[in-house]
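Chemist: Questions regarding the structure given below will be posed in turn.
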Amino acid sequence: PVNEKVESCSNEEVLVRAYAPSDHDHVRNLFVEGMRINNAPESYIERSLNTDLANIEETYMKDRGTFLVIERVSDSAIVGSVGLEDLGDLCELRRMSIHASERRKGLGRTLVDHFIAHARQHKFDGIKLSTGSWMESAMKFYESLGFEDKGRVTYKTDESCGVVIANFEMLL
């Protein structure tokens, strides 16, 4: 359920809730921080900020989609986020981010559990996601949640380099 208070592994109370327009800058900053920590190509970060993250409501908050955030109750800081994009029979898990200081506290699992509950409630057949192949901890995390590794695809981002993306899927 959205707007559910839960405790992290560090016993800190957090609120999982739907995105609000006032979260926009916090979500974008969280995404950029996470991508830079993981050495994502700047071209990827810029493209993401100028496409779906430029207007979260139009991309995610329509049809059966949603965008969820985790808010730390003690100071109202946004410490996690994830988008669910409606693709028809499937949905896509996108823009999963947990603040660096909040990782390894169970918040990622909590956020994905809420994501999966939303997907089941809205009768999606499955969930797909992709992540940068350089993000080994993310790939292990998704596999630990039951997502199946579906292989790698190389996307050309400019004239001189390609980005290898790992694809995962979970049937519901």
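Letters A, B, ... go to the chains of the structure tokens in the order shown; residues in each chain start at 1; ligands are counted from 1 in the same order.
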Quick one: residues within 6 Å of stretch 64-77 of chain A, only C-alpha atoms counted, chain neighbours fewer than 2 positions away excluded, as a compact mmCIF listing (two decimals) with N, CA, C and O atoms, in the first residue's frame?

Modeler:
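Okay, this is what ended up in out01.txt:
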```
# COMPACT_ATOMS: atom_id res chain seq x y z
N GLU A 13 12.12 5.28 10.81
CA GLU A 13 10.82 5.23 10.17
C GLU A 13 10.84 5.98 8.84
O GLU A 13 11.36 7.09 8.74
N VAL A 14 10.29 5.33 7.81
CA VAL A 14 10.19 5.93 6.47
C VAL A 14 8.76 5.75 5.97
O VAL A 14 8.02 4.89 6.44
N LEU A 15 8.39 6.57 5.02
CA LEU A 15 7.07 6.54 4.42
C LEU A 15 7.22 6.24 2.93
O LEU A 15 7.94 6.95 2.23
N VAL A 16 6.57 5.18 2.46
CA VAL A 16 6.51 4.90 1.02
C VAL A 16 5.23 5.56 0.53
O VAL A 16 4.14 5.27 1.03
N ARG A 17 5.37 6.45 -0.44
CA ARG A 17 4.21 7.19 -0.92
C ARG A 17 4.35 7.51 -2.40
O ARG A 17 5.42 7.38 -2.98
N ALA A 18 3.24 7.96 -2.99
CA ALA A 18 3.25 8.37 -4.38
C ALA A 18 4.01 9.69 -4.52
O ALA A 18 3.99 10.55 -3.63
N TYR A 19 4.66 9.84 -5.64
CA TYR A 19 5.37 11.06 -6.02
C TYR A 19 4.41 12.25 -6.02
O TYR A 19 3.25 12.13 -6.42
N TYR A 60 5.09 8.64 -16.01
CA TYR A 60 4.79 7.54 -15.10
C TYR A 60 3.39 7.57 -14.47
O TYR A 60 2.84 6.51 -14.17
N MET A 61 2.82 8.72 -14.24
CA MET A 61 1.59 8.83 -13.46
C MET A 61 0.34 8.80 -14.35
O MET A 61 -0.59 9.57 -14.15
N LYS A 62 0.36 7.93 -15.34
CA LYS A 62 -0.80 7.80 -16.23
C LYS A 62 -1.10 6.32 -16.42
O LYS A 62 -0.28 5.46 -16.09
N VAL A 79 14.63 9.74 0.14
CA VAL A 79 15.82 8.90 0.16
C VAL A 79 15.74 7.72 -0.81
O VAL A 79 16.68 6.93 -0.91
N GLY A 80 14.63 7.61 -1.54
CA GLY A 80 14.49 6.55 -2.52
C GLY A 80 13.38 6.86 -3.49
O GLY A 80 12.46 7.63 -3.19
N SER A 81 13.50 6.27 -4.69
CA SER A 81 12.45 6.47 -5.69
C SER A 81 12.51 5.36 -6.74
O SER A 81 13.55 4.74 -6.95
N VAL A 82 11.34 5.15 -7.39
CA VAL A 82 11.25 4.18 -8.48
C VAL A 82 10.01 4.52 -9.31
O VAL A 82 9.00 4.95 -8.77
N GLY A 83 10.13 4.33 -10.61
CA GLY A 83 9.00 4.56 -11.51
C GLY A 83 8.49 3.26 -12.10
O GLY A 83 9.28 2.35 -12.38
N LEU A 84 7.17 3.17 -12.27
CA LEU A 84 6.54 2.05 -12.93
C LEU A 84 5.89 2.60 -14.19
O LEU A 84 4.95 3.37 -14.11
N GLU A 85 6.43 2.20 -15.34
CA GLU A 85 5.88 2.64 -16.62
C GLU A 85 5.01 1.54 -17.20
O GLU A 85 5.43 0.39 -17.30
N ASP A 86 3.80 1.90 -17.58
CA ASP A 86 2.83 0.98 -18.16
C ASP A 86 3.20 0.73 -19.62
O ASP A 86 3.19 1.63 -20.44
```

Chemist: Neighbours of A:Ala117 within 12 Å (only C-alpha atoms; same-chain residues fewer than 3 positions away dropped), as number ranges by chain?

Modeler: A: 1-2, 66, 68, 84, 110-114, 120-124, 126-127, 172

Chemist: Have a look at atom CA of A:Ser144 and atom CA of A:Lys128 and let me know their distance in Å, one decimal.

Modeler: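 Separation between atom CA of A:Ser144 and atom CA of A:Lys128: 14.9 Å.
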
Chemist: Find the residues near A:Arg152: any atom within 12 Å, counting only C-alpha atoms, skip ones fewer than 5 places away on the same chain, and give them as a list in words.

Modeler: Leu129, Ser130, Thr131, Gly132, Ser133, Trp134, Met139, Val163, Val164, Ile165, Ala166, Asn167 and Phe168 of chain A

Chemist: Generate a file of the selected residues that holds all heavy atoms, formatted as an mmCIF file, in the first residue's frame.

Modeler:
```cif
data_model
loop_
_atom_site.group_PDB
_atom_site.id
_atom_site.type_symbol
_atom_site.label_atom_id
_atom_site.label_comp_id
_atom_site.auth_asym_id
_atom_site.auth_seq_id
_atom_site.Cartn_x
_atom_site.Cartn_y
_atom_site.Cartn_z
ATOM 1 N N LEU A 129 13.059 -4.761 -16.539
ATOM 2 C CA LEU A 129 13.918 -3.655 -16.141
ATOM 3 C C LEU A 129 15.255 -3.794 -16.836
ATOM 4 O O LEU A 129 15.624 -4.872 -17.305
ATOM 5 C CB LEU A 129 14.102 -3.600 -14.618
ATOM 6 C CG LEU A 129 14.901 -4.715 -13.942
ATOM 7 C CD1 LEU A 129 16.388 -4.381 -13.868
ATOM 8 C CD2 LEU A 129 14.373 -4.964 -12.550
ATOM 9 N N SER A 130 15.961 -2.700 -16.921
ATOM 10 C CA SER A 130 17.328 -2.733 -17.436
ATOM 11 C C SER A 130 18.187 -1.872 -16.523
ATOM 12 O O SER A 130 17.701 -0.933 -15.890
ATOM 13 C CB SER A 130 17.392 -2.233 -18.883
ATOM 14 O OG SER A 130 16.870 -0.934 -18.992
ATOM 15 N N THR A 131 19.444 -2.235 -16.437
ATOM 16 C CA THR A 131 20.396 -1.489 -15.618
ATOM 17 C C THR A 131 21.750 -1.537 -16.295
ATOM 18 O O THR A 131 22.029 -2.444 -17.077
ATOM 19 C CB THR A 131 20.441 -2.057 -14.177
ATOM 20 O OG1 THR A 131 21.199 -1.174 -13.345
ATOM 21 C CG2 THR A 131 21.053 -3.449 -14.127
ATOM 22 N N GLY A 132 22.571 -0.571 -16.005
ATOM 23 C CA GLY A 132 23.910 -0.548 -16.583
ATOM 24 C C GLY A 132 24.708 -1.761 -16.132
ATOM 25 O O GLY A 132 24.686 -2.129 -14.956
ATOM 26 N N SER A 133 25.411 -2.390 -17.057
ATOM 27 C CA SER A 133 26.181 -3.582 -16.713
ATOM 28 C C SER A 133 27.324 -3.256 -15.751
ATOM 29 O O SER A 133 27.866 -4.155 -15.116
ATOM 30 C CB SER A 133 26.727 -4.246 -17.978
ATOM 31 O OG SER A 133 27.598 -3.357 -18.642
ATOM 32 N N TRP A 134 27.678 -1.995 -15.614
ATOM 33 C CA TRP A 134 28.717 -1.573 -14.681
ATOM 34 C C TRP A 134 28.188 -1.555 -13.241
ATOM 35 O O TRP A 134 28.951 -1.429 -12.303
ATOM 36 C CB TRP A 134 29.259 -0.191 -15.064
ATOM 37 C CG TRP A 134 28.206 0.887 -15.021
ATOM 38 C CD1 TRP A 134 27.869 1.648 -13.938
ATOM 39 C CD2 TRP A 134 27.337 1.292 -16.071
ATOM 40 N NE1 TRP A 134 26.834 2.504 -14.257
ATOM 41 C CE2 TRP A 134 26.491 2.309 -15.562
ATOM 42 C CE3 TRP A 134 27.194 0.903 -17.408
ATOM 43 C CZ2 TRP A 134 25.521 2.928 -16.340
ATOM 44 C CZ3 TRP A 134 26.213 1.537 -18.170
ATOM 45 C CH2 TRP A 134 25.404 2.533 -17.642
ATOM 46 N N MET A 139 22.670 -5.449 -10.232
ATOM 47 C CA MET A 139 22.322 -6.704 -10.902
ATOM 48 C C MET A 139 22.142 -7.829 -9.878
ATOM 49 O O MET A 139 21.182 -8.601 -9.959
ATOM 50 C CB MET A 139 23.378 -7.059 -11.949
ATOM 51 C CG MET A 139 23.379 -6.089 -13.122
ATOM 52 S SD MET A 139 24.423 -6.584 -14.512
ATOM 53 C CE MET A 139 26.041 -6.598 -13.778
ATOM 54 N N VAL A 163 27.188 1.702 -24.555
ATOM 55 C CA VAL A 163 26.837 1.396 -23.180
ATOM 56 C C VAL A 163 26.173 0.024 -23.175
ATOM 57 O O VAL A 163 25.239 -0.218 -23.941
ATOM 58 C CB VAL A 163 25.869 2.464 -22.613
ATOM 59 C CG1 VAL A 163 25.386 2.069 -21.234
ATOM 60 C CG2 VAL A 163 26.537 3.823 -22.588
ATOM 61 N N VAL A 164 26.667 -0.869 -22.320
ATOM 62 C CA VAL A 164 26.120 -2.207 -22.231
ATOM 63 C C VAL A 164 25.070 -2.219 -21.116
ATOM 64 O O VAL A 164 25.359 -1.862 -19.969
ATOM 65 C CB VAL A 164 27.210 -3.254 -21.966
ATOM 66 C CG1 VAL A 164 26.596 -4.653 -21.851
ATOM 67 C CG2 VAL A 164 28.262 -3.211 -23.075
ATOM 68 N N ILE A 165 23.869 -2.628 -21.477
ATOM 69 C CA ILE A 165 22.741 -2.658 -20.557
ATOM 70 C C ILE A 165 22.378 -4.111 -20.260
ATOM 71 O O ILE A 165 22.285 -4.936 -21.171
ATOM 72 C CB ILE A 165 21.521 -1.929 -21.174
ATOM 73 C CG1 ILE A 165 21.855 -0.476 -21.480
ATOM 74 C CG2 ILE A 165 20.293 -2.041 -20.284
ATOM 75 C CD1 ILE A 165 22.183 0.371 -20.286
ATOM 76 N N ALA A 166 22.161 -4.415 -18.980
ATOM 77 C CA ALA A 166 21.713 -5.740 -18.555
ATOM 78 C C ALA A 166 20.193 -5.707 -18.419
ATOM 79 O O ALA A 166 19.641 -4.776 -17.838
ATOM 80 C CB ALA A 166 22.351 -6.092 -17.215
ATOM 81 N N ASN A 167 19.532 -6.705 -18.969
ATOM 82 C CA ASN A 167 18.068 -6.773 -18.959
ATOM 83 C C ASN A 167 17.599 -7.892 -18.020
ATOM 84 O O ASN A 167 18.167 -8.981 -18.015
ATOM 85 C CB ASN A 167 17.541 -7.035 -20.368
ATOM 86 C CG ASN A 167 17.840 -5.868 -21.285
ATOM 87 O OD1 ASN A 167 17.310 -4.781 -21.093
ATOM 88 N ND2 ASN A 167 18.702 -6.081 -22.261
ATOM 89 N N PHE A 168 16.535 -7.588 -17.266
ATOM 90 C CA PHE A 168 15.967 -8.544 -16.318
ATOM 91 C C PHE A 168 14.451 -8.568 -16.494
ATOM 92 O O PHE A 168 13.860 -7.602 -16.967
ATOM 93 C CB PHE A 168 16.301 -8.136 -14.886
ATOM 94 C CG PHE A 168 17.756 -8.269 -14.537
ATOM 95 C CD1 PHE A 168 18.650 -7.265 -14.858
ATOM 96 C CD2 PHE A 168 18.230 -9.415 -13.904
ATOM 97 C CE1 PHE A 168 19.995 -7.381 -14.547
ATOM 98 C CE2 PHE A 168 19.577 -9.536 -13.613
ATOM 99 C CZ PHE A 168 20.463 -8.524 -13.925
#
```

Chemist: So that I can check the secondary structure, give me every residue of stretch 55-125 of chain A assigned helix (DSSP H, G or I) by backbone DSSP, as number ranges by chain.

Modeler: A: 56-60, 100-102, 107-121

Chemist: Point out the residue among A:Leu30, A:Leu145, A:Ile56, A:Tyr155 with the least atom-to-atom distance to A:Gly106, counting only C-alpha atoms.

Modeler: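 Of A:Leu30, A:Leu145, A:Ile56, A:Tyr155, the one nearest A:Gly106 is A:Leu145, counting only C-alpha atoms.
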